[in-house]
Structure formats: structure tokens, C-alpha cells
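Take a look at the structure below.
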Amino acid sequence: MTTTITSADLPLERAYRWEKERASEIYLTQPMGGGVVRDWTWMQAMDEARRVAAWLKAQGWEPGSRVAIMSKNTAWWIMSDLAIWMAGYVSVPIYPNLVAETVRQILEHSETKLCIVGKLDDTKAMLPGIPPGMPCIATPLCEAKGFTSWDGIVETTRPLADSPTFPENALATIIYTSGTTGMPKGAMHSFAAFAHTAKALAGIINATVNERALSYLPLAHVAERCLIEGESLYAGFRLYFAESLDTFLADLQRARPTFFFSVPRLWVKFQQGVFAKMPPKKLDRLMSIPILGGIVKKKILKQLGLDSVRFAGTGAAPLPPEVMAWYRKLGLELLEGYGMTEQFAFATSSMPGRSRIGYVGEATPCCEVKLSETGEILTRGPAHMQGYFKEPETTRETMTDDGWLKTGDLGEFDDLKRLKIVGRAKEQFKTSKGKYVAPAPIEGKLSAFTKIEACMVSGVAFPQPFALAMLPAGMWEALKSGDARSEFTNELAAHLDRVNEELDPHERLDFVAVVAEQWTVESGFVTPTLKLKRNIVEKHYEPFFEKWAKARQPVVWHEG
């Protein structure tokens, strides 16, 4: 590890610095609906945060008390976090699309004193999760009624006059895991976690105050918290927010980010959007023509709002190598990273100019990475969690006595110490032949067929593994006709043959079942960060496994 921090690197101290040095520079840009956009300078954002901090502090709770933020990404999310910290409290982010039961679990487990409620996907579905009698603040764009008004607090409360600071090891936030199974666990992170990861990332991408970033992945997730909030506070650059899925492209074009991070499923969606306008073969032919190819590439990046990007990242799940190569052909060097909630999202990163497709990069300057005797990835560093909140036993099961985090992921290094994720220890399953299968690498190969949006390999107690595949929204209807479905089936079957040629005999897929349902957060099939809940998906489709296998077809269709 090479990063060292001082008190000047901590997030509150950085905010105070920009409040003075960049007082009149715009920090936050928020769409308000109807084409209206609102800006806050550093001074204005800090003034609102100081007023809410003074109001929170006046409630007289014990220092370190928890205050929740339940909202989609907005300017008020960032100001809420700053206000909670300045008041001497600990922030507890809650995803804006959870079911009420999970909301209640988190609020009660964290012993939250107050919940700041903002813009939500489904306000009526989430509000019953707030325990009766818990005080709440409603920020602008919140649809809930009867809560204390954020604007009312700002209008009637004098700003906090001093600039409180806290030790680097003081608890700043409790981030609950998105939970593919069971009750989410609360990872406790200090102010040092923000500082170490932000300083390390700033060194890798040479971040300056001139960067621009669009905040759209949930701030309740550690990746957005680290890479967007933490980095913007450290480097002092401008944040834009997305309004909705419908306006996302316009939001992206408004921001024209220089620094952009997305998850694989969205990178694939961007590519599919381009292919919907121009067939891949024709596009490849145009891009191969000198001069014209350069014009075409620039036009595509500009239409995506990515023409100013100088650092583009991906993580959270494997991105098919073919998709990665396609973006690089466009001139966008997508850099993969690897991290978990427990590591504050930043364990390894591909480095500009020395990345390798299929690998998640090298250990970051704030993290050590090694493999156990069984190939499990172990990490250690000053940005790692202090433990799980109120879960000492679970903490001891996850952390070794000398501070190494047992990730549960299996990995291998190349000769340059770049890490490759080869599977998830707990996701391995055994076929009826007694052979173990790691699904993730096979899913990575299968998902290179870009006409499917997501896939999952299964096959516990079956002779051979098989896969389930989900189509992009709307494609099922488009494939209703015999000719279109037949063509798709032939293409997918041919891709399946190519995948199987690269696999060991016991790993080869027996068939692919194309399913009609959309695997969404609302259906309960994926987490808020779009990770598959394997046990839920398997349980849903398990009654059909035998029927599919008996069909003896490389591709089967399941109407649902």
C-alpha cells in the first residue's frame, strides 16, 4: 500500500475547502422536471447542508446516532450526507426501490433516529417500511405528505457557524449490502475509507476540479458512494444528476462527463441501442474505412453523451470481452475494477495503458490482494470496513485475525499481477456426475451473444449444466413470428456451440432456455445493483427444468 492520508484529505475537510476556494463554482446540477434544471454552487450547497445540520444537531441525539437517507440520487442526497456528518451523526443509505419489509429491517437494525425521504421509484410501496412514529424530512421532489419540509428547515434555521471535524477512524456511514440472500448486513465505514479510496482513484485518473460526472447508479450502493460522491468531494468537481430512465440520454448529453462508470448490463444496453439503429456488420464496415471510420466513431460517442469521457469504468459483474473490445474500437478504453461493500468498492483497478480484457486490474494503492491456498481472493487495506454493525460473529467469520477480508470470490493472477475473477466459491454447484461447475465464467462467454440481456447457468444434480437467458425488453414480442424466432434460435444455437468448444466436457451447456419474463428489481429476481438472485431465479424456474432437458433441443422457449 502506498497511499497515506492527512486530515486535509477527509471528506468534510475537503467540502470546507471547496466551500472557500470554489465558492461561486457550480457543484450540483439537478433536473427538476419539465425541462427545468437547478444549480447549486459550492457555497449554496454547503449553506443548505449547514442549515439542515444545525436543525439535526438541535434534536439532541447522542453523537454517532444514525440518520437514514432514502432517496434516488439527487442534489439533496449529497447535501443530506454532509448535513448528517456535520451534525455528528452517521448516515444510513437505503436503496430507493426496496420492498417495505427490507426498509423496516434496515431502519430497525440500524436504530435510525430519523429518515430523510426524497424522490423514490414507488413511494407508496416503501413508506409502510418506516416504523410508526419515526420522524422524517421530505426533500423537494419527494411525493410523501406530512413530513417536515427540507425547504422549511432551510428557510427557518440559521446555518451551523463552525466547521466540525472528526477523527479519520470515526464512523461515517453504515452501508447495507444489497443482499442476494437474506437480511442485508451493515458494513461500517469510517471517514478514512472515503479519503483513502478517493486519493487513490484521483492518482490513477489524474482527477482535477475540471472533471464532470453524472450520478445515476444508486448512491445507496458503495460504488457510486466511493467513485462519484467521494471523488467529487475529494477533487472538487461538478456533479450532474439523472432525472429518469426516459431522460437518461438527455441527462448524459447535458453532463458530457469526463469520468463515467457503469455496470455491464448498461454498457450492453448502450451497445444494443447503437445496433438497433445500425446493424453490427454495416457499422464494423464503416468504422474500418480510413477517415470515415473516425467520424463515425466520434458521432456514436457524441450521441451517447460520451464524447468527452477520458476515463470510463465498469465493474460489479463481468463484461463480455467482445463488448469490451467493441468499445475500445470506438476509442473508449473501458477499465474494469473490482470491489465490494466491505472494501469500500475499490480493491483492484485496470490501469490506463496496461489493462487486459477479462481481468479486473491490479491492486489499488489503498489495498493489498492475495490468494488463499484454495484460490479465494483475500484483501486488506485502510478503506476496509470496521466490521458489520451489531454482527460481531459474522464479522469474525468474514475477517481473519490479521485483517484480511475473505471475499468468497475465486481468482488468479497473471504475470503482471493483474487479477482475474474465475468464479464465486459459494456459487459453484455439483452436477449429477459429481463434477463442480463455476457458473460466472460460462455466463461471461454466453453473454457475448449481445441479443440476450442477461443469463444464468444452473444444473444442480443434472448430468450437464444449462443456462437461462432473458431478452431485452420488447424483444420477446418481436420474435413471435416463425421466421424471426427461427433465425434467432439458429444464431443462439451456433453461439452455444462456440461456447461449448471452449469449455471442459463437464462444463458444456446442455441447452439454453429463453424465458419471457423480465428479471427486474420489482420482480424480485435481481438486487438494486442488477445482480441476479440466483436462488430466487432457480426456485421460480425449477419446475420446468426436467421438461426443458427432455426436449433435447439446444434452444428452448419458455412463455412463462
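So you can find residues: chains in the C-alpha cells are A, B, ... in the order shown, residues in each start at 1, and ligands are numbered from 1 in order.
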When you look at range 406-419 of chain A with a cut-off of 7 Å (counting only C-alpha atoms), what residues show up, excluding the ones that are within fewer than 6 positions of it in the same chain? I need them as an MDAnalysis selection string.
chainID A and resid 359:362 375:378 398:399 425:426
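The interatomic distance for the pair CA of Pro96 in chain A and CA of Gln253 in chain A works out to 24.3 Å.
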If you take only C-alpha atoms and a cut-off of 12 Å, which residues of range 61-113 of chain A touch range 13-21 of chain A, and what are their nearest atom pairs and distances in Å to one decimal, in chain and number order, as a Markdown table?
```
| residue | atom | partner | partner_atom | distance |
| --- | --- | --- | --- | --- |
| A:Ile78 | CA | A:Ala15 | CA | 11.0 |
| A:Met79 | CA | A:Ala15 | CA | 10.6 |
| A:Asp81 | CA | A:Ala15 | CA | 11.5 |
| A:Leu82 | CA | A:Ala15 | CA | 8.4 |
| A:Ala83 | CA | A:Ala15 | CA | 11.2 |
| A:Trp85 | CA | A:Glu13 | CA | 11.1 |
| A:Met86 | CA | A:Glu13 | CA | 10.4 |
```
Include all heavy atoms and write out the residues we just selected as a PDB file, in the first residue's frame.
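This went into again39.pdb:
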```pdb
ATOM      1  N   ILE A  78     -26.653  14.344  -1.594  1.00  0.00           N
ATOM      2  CA  ILE A  78     -25.291  14.751  -1.215  1.00  0.00           C
ATOM      3  C   ILE A  78     -25.341  15.738  -0.048  1.00  0.00           C
ATOM      4  O   ILE A  78     -24.579  15.612   0.922  1.00  0.00           O
ATOM      5  CB  ILE A  78     -24.567  15.392  -2.416  1.00  0.00           C
ATOM      6  CG1 ILE A  78     -24.497  14.415  -3.594  1.00  0.00           C
ATOM      7  CG2 ILE A  78     -23.180  15.866  -2.009  1.00  0.00           C
ATOM      8  CD1 ILE A  78     -23.657  13.190  -3.369  1.00  0.00           C
ATOM      9  N   MET A  79     -26.242  16.714  -0.125  1.00  0.00           N
ATOM     10  CA  MET A  79     -26.333  17.699   0.958  1.00  0.00           C
ATOM     11  C   MET A  79     -26.784  17.045   2.255  1.00  0.00           C
ATOM     12  O   MET A  79     -26.357  17.443   3.343  1.00  0.00           O
ATOM     13  CB  MET A  79     -27.281  18.841   0.547  1.00  0.00           C
ATOM     14  CG  MET A  79     -26.717  19.718  -0.564  1.00  0.00           C
ATOM     15  SD  MET A  79     -27.728  21.182  -0.941  1.00  0.00           S
ATOM     16  CE  MET A  79     -29.061  20.450  -1.904  1.00  0.00           C
ATOM     17  N   ASP A  81     -26.066  13.946   3.236  1.00  0.00           N
ATOM     18  CA  ASP A  81     -24.900  13.251   3.780  1.00  0.00           C
ATOM     19  C   ASP A  81     -23.991  14.233   4.515  1.00  0.00           C
ATOM     20  O   ASP A  81     -23.535  13.973   5.643  1.00  0.00           O
ATOM     21  CB  ASP A  81     -24.139  12.560   2.638  1.00  0.00           C
ATOM     22  CG  ASP A  81     -23.508  11.245   3.070  1.00  0.00           C
ATOM     23  OD1 ASP A  81     -23.819  10.768   4.177  1.00  0.00           O
ATOM     24  OD2 ASP A  81     -22.720  10.680   2.298  1.00  0.00           O
ATOM     25  N   LEU A  82     -23.719  15.363   3.884  1.00  0.00           N
ATOM     26  CA  LEU A  82     -22.865  16.377   4.505  1.00  0.00           C
ATOM     27  C   LEU A  82     -23.490  16.905   5.797  1.00  0.00           C
ATOM     28  O   LEU A  82     -22.800  17.105   6.810  1.00  0.00           O
ATOM     29  CB  LEU A  82     -22.614  17.525   3.520  1.00  0.00           C
ATOM     30  CG  LEU A  82     -21.754  17.187   2.299  1.00  0.00           C
ATOM     31  CD1 LEU A  82     -21.818  18.309   1.275  1.00  0.00           C
ATOM     32  CD2 LEU A  82     -20.307  16.938   2.716  1.00  0.00           C
ATOM     33  N   ALA A  83     -24.814  17.127   5.776  1.00  0.00           N
ATOM     34  CA  ALA A  83     -25.505  17.643   6.955  1.00  0.00           C
ATOM     35  C   ALA A  83     -25.440  16.650   8.114  1.00  0.00           C
ATOM     36  O   ALA A  83     -25.195  17.024   9.280  1.00  0.00           O
ATOM     37  CB  ALA A  83     -26.960  17.962   6.617  1.00  0.00           C
ATOM     38  N   TRP A  85     -23.208  14.336   8.644  1.00  0.00           N
ATOM     39  CA  TRP A  85     -21.842  14.297   9.175  1.00  0.00           C
ATOM     40  C   TRP A  85     -21.547  15.528  10.027  1.00  0.00           C
ATOM     41  O   TRP A  85     -20.989  15.408  11.126  1.00  0.00           O
ATOM     42  CB  TRP A  85     -20.843  14.230   8.025  1.00  0.00           C
ATOM     43  CG  TRP A  85     -20.813  12.911   7.317  1.00  0.00           C
ATOM     44  CD1 TRP A  85     -21.277  11.709   7.783  1.00  0.00           C
ATOM     45  CD2 TRP A  85     -20.290  12.659   6.014  1.00  0.00           C
ATOM     46  NE1 TRP A  85     -21.070  10.726   6.849  1.00  0.00           N
ATOM     47  CE2 TRP A  85     -20.468  11.267   5.754  1.00  0.00           C
ATOM     48  CE3 TRP A  85     -19.688  13.446   5.035  1.00  0.00           C
ATOM     49  CZ2 TRP A  85     -20.052  10.683   4.564  1.00  0.00           C
ATOM     50  CZ3 TRP A  85     -19.287  12.857   3.843  1.00  0.00           C
ATOM     51  CH2 TRP A  85     -19.464  11.497   3.609  1.00  0.00           C
ATOM     52  N   MET A  86     -21.898  16.718   9.525  1.00  0.00           N
ATOM     53  CA  MET A  86     -21.608  17.939  10.269  1.00  0.00           C
ATOM     54  C   MET A  86     -22.322  17.959  11.615  1.00  0.00           C
ATOM     55  O   MET A  86     -21.828  18.529  12.589  1.00  0.00           O
ATOM     56  CB  MET A  86     -21.993  19.169   9.442  1.00  0.00           C
ATOM     57  CG  MET A  86     -20.978  19.505   8.354  1.00  0.00           C
ATOM     58  SD  MET A  86     -21.247  21.135   7.612  1.00  0.00           S
ATOM     59  CE  MET A  86     -22.513  20.758   6.423  1.00  0.00           C
TER      60      MET A  86
END
```
Based on the backbone DSSP call, show me all residues of range 233-458 of chain A assigned alpha helix (DSSP H), as a VMD selection string.
chain A and resid 233 to 235 248 to 255 264 to 277 280 to 287 292 to 304 321 to 330 392 to 398 439 to 446
List as a Markdown table every residue of range 187-301 of chain A that is in contact with range 39-53 of chain A, defined as an atom at most 10 Å from one of its atoms (using only C-alpha atoms), together with the nearest atom pair and the distance in Å rounded to one decimal, sorted by chain and then rising number.
```
| residue | atom | partner | partner_atom | distance |
| --- | --- | --- | --- | --- |
| A:Gly236 | CA | A:Trp42 | CA | 9.0 |
| A:Phe237 | CA | A:Trp42 | CA | 9.9 |
| A:Arg238 | CA | A:Thr41 | CA | 9.3 |
| A:Leu239 | CA | A:Asp39 | CA | 9.9 |
| A:Tyr240 | CA | A:Asp39 | CA | 9.2 |
```
Limited to N, CA, C and O atoms, could you put the picked residues into a file as an mmCIF file, in the first residue's frame?
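And here's selection_15.cif as it stands now:
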```cif
data_model
loop_
_atom_site.group_PDB
_atom_site.id
_atom_site.type_symbol
_atom_site.label_atom_id
_atom_site.label_comp_id
_atom_site.auth_asym_id
_atom_site.auth_seq_id
_atom_site.Cartn_x
_atom_site.Cartn_y
_atom_site.Cartn_z
ATOM 1 N N GLY A 236 -13.211 18.029 -5.977
ATOM 2 C CA GLY A 236 -13.905 19.307 -6.097
ATOM 3 C C GLY A 236 -14.594 19.540 -7.424
ATOM 4 O O GLY A 236 -14.823 20.684 -7.823
ATOM 5 N N PHE A 237 -14.958 18.453 -8.139
ATOM 6 C CA PHE A 237 -15.559 18.648 -9.463
ATOM 7 C C PHE A 237 -17.085 18.622 -9.418
ATOM 8 O O PHE A 237 -17.700 18.343 -8.401
ATOM 9 N N ARG A 238 -17.680 18.911 -10.564
ATOM 10 C CA ARG A 238 -19.129 19.115 -10.681
ATOM 11 C C ARG A 238 -19.879 17.792 -10.866
ATOM 12 O O ARG A 238 -19.447 16.923 -11.618
ATOM 13 N N LEU A 239 -21.020 17.681 -10.174
ATOM 14 C CA LEU A 239 -21.887 16.512 -10.287
ATOM 15 C C LEU A 239 -23.200 16.892 -10.947
ATOM 16 O O LEU A 239 -23.836 17.878 -10.579
ATOM 17 N N TYR A 240 -23.600 16.091 -11.917
ATOM 18 C CA TYR A 240 -24.908 16.195 -12.545
ATOM 19 C C TYR A 240 -25.730 14.990 -12.100
ATOM 20 O O TYR A 240 -25.186 13.930 -11.822
#
```
I need the residues in range 145-245 of chain A that are strand (DSSP E or B) according to DSSP; give them as a list in words.
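The residues of range 145-245 of chain A classed as strand (DSSP E or B) are Thr148, Ser149, Leu171, Ala172, Thr173, Ile174, Ile175, Tyr176, Gly186, Ala187, Met188, His189, Ser190, Arg212, Ala213, Leu214, Ser215, Arg238, Leu239, Tyr240 and Phe241 of chain A.
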For the selection just defined, write its residues with N, CA, C and O atoms to a file, as a tab-separated table (two decimals), in the first residue's frame.
```tsv
chain	number	residue	atom	x	y	z
A	148	THR	N	-41.69	16.71	7.80
A	148	THR	CA	-41.04	18.01	7.95
A	148	THR	C	-40.37	18.38	6.62
A	148	THR	O	-39.71	17.55	6.00
A	149	SER	N	-40.54	19.61	6.19
A	149	SER	CA	-40.05	20.05	4.88
A	149	SER	C	-38.58	20.46	4.95
A	149	SER	O	-38.19	21.25	5.81
A	171	LEU	N	-16.76	6.70	12.74
A	171	LEU	CA	-17.74	6.07	11.85
A	171	LEU	C	-18.49	7.14	11.07
A	171	LEU	O	-19.06	8.07	11.64
A	172	ALA	N	-18.50	7.00	9.75
A	172	ALA	CA	-19.17	7.97	8.88
A	172	ALA	C	-20.49	7.44	8.34
A	172	ALA	O	-21.46	8.18	8.21
A	173	THR	N	-20.52	6.15	8.02
A	173	THR	CA	-21.70	5.60	7.36
A	173	THR	C	-21.80	4.10	7.60
A	173	THR	O	-20.79	3.44	7.84
A	174	ILE	N	-23.02	3.59	7.54
A	174	ILE	CA	-23.26	2.15	7.57
A	174	ILE	C	-23.94	1.81	6.25
A	174	ILE	O	-25.05	2.27	5.98
A	175	ILE	N	-23.25	1.03	5.42
A	175	ILE	CA	-23.76	0.70	4.09
A	175	ILE	C	-24.25	-0.74	4.13
A	175	ILE	O	-23.46	-1.67	4.32
A	176	TYR	N	-25.55	-0.91	3.94
A	176	TYR	CA	-26.12	-2.25	3.96
A	176	TYR	C	-25.95	-2.90	2.59
A	176	TYR	O	-26.22	-2.28	1.56
A	186	GLY	N	-24.88	-4.65	7.56
A	186	GLY	CA	-24.44	-3.26	7.55
A	186	GLY	C	-22.94	-3.12	7.73
A	186	GLY	O	-22.42	-3.33	8.83
A	187	ALA	N	-22.22	-2.76	6.65
A	187	ALA	CA	-20.78	-2.57	6.72
A	187	ALA	C	-20.48	-1.18	7.26
A	187	ALA	O	-20.97	-0.18	6.74
A	188	MET	N	-19.71	-1.12	8.33
A	188	MET	CA	-19.37	0.16	8.98
A	188	MET	C	-18.11	0.74	8.35
A	188	MET	O	-17.05	0.10	8.34
A	189	HIS	N	-18.23	1.97	7.82
A	189	HIS	CA	-17.09	2.62	7.17
A	189	HIS	C	-16.78	3.97	7.81
A	189	HIS	O	-17.68	4.74	8.14
A	190	SER	N	-15.50	4.23	7.96
A	190	SER	CA	-15.03	5.47	8.56
A	190	SER	C	-14.83	6.55	7.51
A	190	SER	O	-14.88	6.28	6.30
A	212	ARG	N	-16.25	16.27	-14.89
A	212	ARG	CA	-17.71	16.28	-14.80
A	212	ARG	C	-18.17	14.84	-14.67
A	212	ARG	O	-17.66	13.96	-15.37
A	213	ALA	N	-19.14	14.58	-13.81
A	213	ALA	CA	-19.65	13.22	-13.64
A	213	ALA	C	-21.17	13.25	-13.54
A	213	ALA	O	-21.75	14.21	-13.02
A	214	LEU	N	-21.81	12.20	-14.06
A	214	LEU	CA	-23.26	12.04	-13.94
A	214	LEU	C	-23.54	10.98	-12.89
A	214	LEU	O	-23.07	9.84	-12.99
A	215	SER	N	-24.31	11.34	-11.89
A	215	SER	CA	-24.67	10.42	-10.81
A	215	SER	C	-26.03	9.81	-11.11
A	215	SER	O	-27.04	10.50	-11.12
A	238	ARG	N	-17.68	18.91	-10.56
A	238	ARG	CA	-19.13	19.12	-10.68
A	238	ARG	C	-19.88	17.79	-10.87
A	238	ARG	O	-19.45	16.92	-11.62
A	239	LEU	N	-21.02	17.68	-10.17
A	239	LEU	CA	-21.89	16.51	-10.29
A	239	LEU	C	-23.20	16.89	-10.95
A	239	LEU	O	-23.84	17.88	-10.58
A	240	TYR	N	-23.60	16.09	-11.92
A	240	TYR	CA	-24.91	16.19	-12.54
A	240	TYR	C	-25.73	14.99	-12.10
A	240	TYR	O	-25.19	13.93	-11.82
A	241	PHE	N	-27.04	15.14	-12.08
A	241	PHE	CA	-27.92	14.04	-11.70
A	241	PHE	C	-28.86	13.70	-12.84
A	241	PHE	O	-29.25	14.57	-13.63
```
From the options A:Ile205, A:Glu108, A:Gln386, A:His540, which residue's atoms come nearest to Gly524 in chain A, counting only C-alpha atoms?
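Between A:Ile205, A:Glu108, A:Gln386, A:His540, the residue approaching Gly524 in chain A most closely is A:His540.
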Which residues come within 8 Å of Tyr95 in chain A, counting only C-alpha atoms, excluding same-chain residues fewer than 2 positions away, as a list in words?
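Here the answer would be Met70, Ser71, Lys72, Pro93, Asn97, Leu98, Pro218, Leu219, Ala220, His221 and Pro528 of chain A.
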Neighbours of range 461-469 of chain A within 6 Å (only C-alpha atoms; same-chain residues fewer than 3 positions away dropped), as a list in words?
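Once the nearby chain positions are removed, what remains is Thr431, Ser432, Lys433, Ala454, Cys455, Met456, Val457, Ser458, Leu509, Asp510, Phe511, Val512, Ala513 and Val514 of chain A.
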With N, CA and C atoms retained, write the just-selected residues as a compact mmCIF listing (two decimals), in the first residue's frame.
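Listing of part28.txt after writing:
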```
# COMPACT_ATOMS: atom_id res chain seq x y z
N THR A 431 -22.82 -31.24 -10.48
CA THR A 431 -23.75 -31.96 -11.36
C THR A 431 -23.96 -33.38 -10.82
N SER A 432 -24.88 -34.10 -11.45
CA SER A 432 -25.14 -35.47 -11.01
C SER A 432 -23.96 -36.40 -11.27
N LYS A 433 -23.00 -35.93 -12.10
CA LYS A 433 -21.79 -36.69 -12.36
C LYS A 433 -20.71 -36.45 -11.31
N ALA A 454 -29.37 -10.84 -20.27
CA ALA A 454 -28.84 -11.44 -19.05
C ALA A 454 -28.98 -12.95 -19.14
N CYS A 455 -28.12 -13.66 -18.43
CA CYS A 455 -28.20 -15.11 -18.44
C CYS A 455 -27.74 -15.68 -17.10
N MET A 456 -28.10 -16.92 -16.85
CA MET A 456 -27.70 -17.59 -15.62
C MET A 456 -27.50 -19.07 -15.89
N VAL A 457 -26.39 -19.61 -15.42
CA VAL A 457 -26.09 -21.04 -15.57
C VAL A 457 -26.55 -21.79 -14.33
N SER A 458 -27.22 -22.89 -14.54
CA SER A 458 -27.73 -23.71 -13.44
C SER A 458 -27.49 -25.19 -13.79
N LEU A 509 -22.71 -26.69 -21.82
CA LEU A 509 -24.14 -26.45 -21.59
C LEU A 509 -24.99 -27.38 -22.44
N ASP A 510 -25.97 -27.98 -21.80
CA ASP A 510 -26.88 -28.89 -22.49
C ASP A 510 -27.85 -28.12 -23.39
N PHE A 511 -28.31 -26.98 -22.92
CA PHE A 511 -29.25 -26.16 -23.69
C PHE A 511 -29.32 -24.77 -23.08
N VAL A 512 -29.97 -23.86 -23.80
CA VAL A 512 -30.29 -22.53 -23.29
C VAL A 512 -31.80 -22.37 -23.34
N ALA A 513 -32.40 -22.01 -22.21
CA ALA A 513 -33.84 -21.75 -22.15
C ALA A 513 -34.06 -20.25 -22.19
N VAL A 514 -34.72 -19.78 -23.25
CA VAL A 514 -35.03 -18.36 -23.39
C VAL A 514 -36.38 -18.11 -22.73
```
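Shortest separation to Val515 in chain A among A:His109, A:Lys269, A:His558, A:Lys119 occurs at residue A:His558, atoms counted being only C-alpha atoms.
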Which polymer residues have any atom within 8 Å of an atom of His384 in chain A, counting only C-alpha atoms, with same-chain residues fewer than 6 positions away left out, as an mmCIF file with C-alpha atoms, in the first residue's frame?
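Result saved to selection_39.cif:
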```cif
data_model
loop_
_atom_site.group_PDB
_atom_site.id
_atom_site.type_symbol
_atom_site.label_atom_id
_atom_site.label_comp_id
_atom_site.auth_asym_id
_atom_site.auth_seq_id
_atom_site.Cartn_x
_atom_site.Cartn_y
_atom_site.Cartn_z
ATOM 1 C CA HIS A 189 -17.090 2.618 7.171
ATOM 2 C CA ALA A 193 -12.462 4.934 3.737
ATOM 3 C CA GLU A 342 -16.763 -4.375 2.670
ATOM 4 C CA GLN A 343 -13.747 -2.901 0.786
ATOM 5 C CA PHE A 344 -15.445 0.417 0.061
#
```
Quick one: pull the distance between CA of Ala549 in chain A and CA of Ala438 in chain A, Å, one decimal.
20.0 Å
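As for CA of Leu28 in chain A and CA of Ala75 in chain A, they are spaced 5.9 Å apart.
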Could you tell me which of A:Leu304, A:Ile204, A:Arg225, A:Pro543 comes closest to Pro352 in chain A if we count only C-alpha atoms?
A:Ile204
Hey, which of A:Pro441, A:Gly560, A:Gly315, A:Pro321 ends up closest to Trp476 in chain A? Count only C-alpha atoms.
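For Trp476 in chain A, the nearest of the given residues is A:Gly560.
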Excluding Val499 in chain A and its own-chain neighbours fewer than 2 positions away, which residues fall within 12 Å of it when counting only C-alpha atoms? Please give them as an NGL selection string.
:A and (441-449 or 467 or 492-497 or 501-505 or 507-512)
Using only C-alpha atoms, which residue out of A:Ala440, A:Ile357, A:Ile452, A:Val460 lies closest to Pro472 in chain A?
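Nearest candidate to Pro472 in chain A out of A:Ala440, A:Ile357, A:Ile452, A:Val460: A:Ile452.
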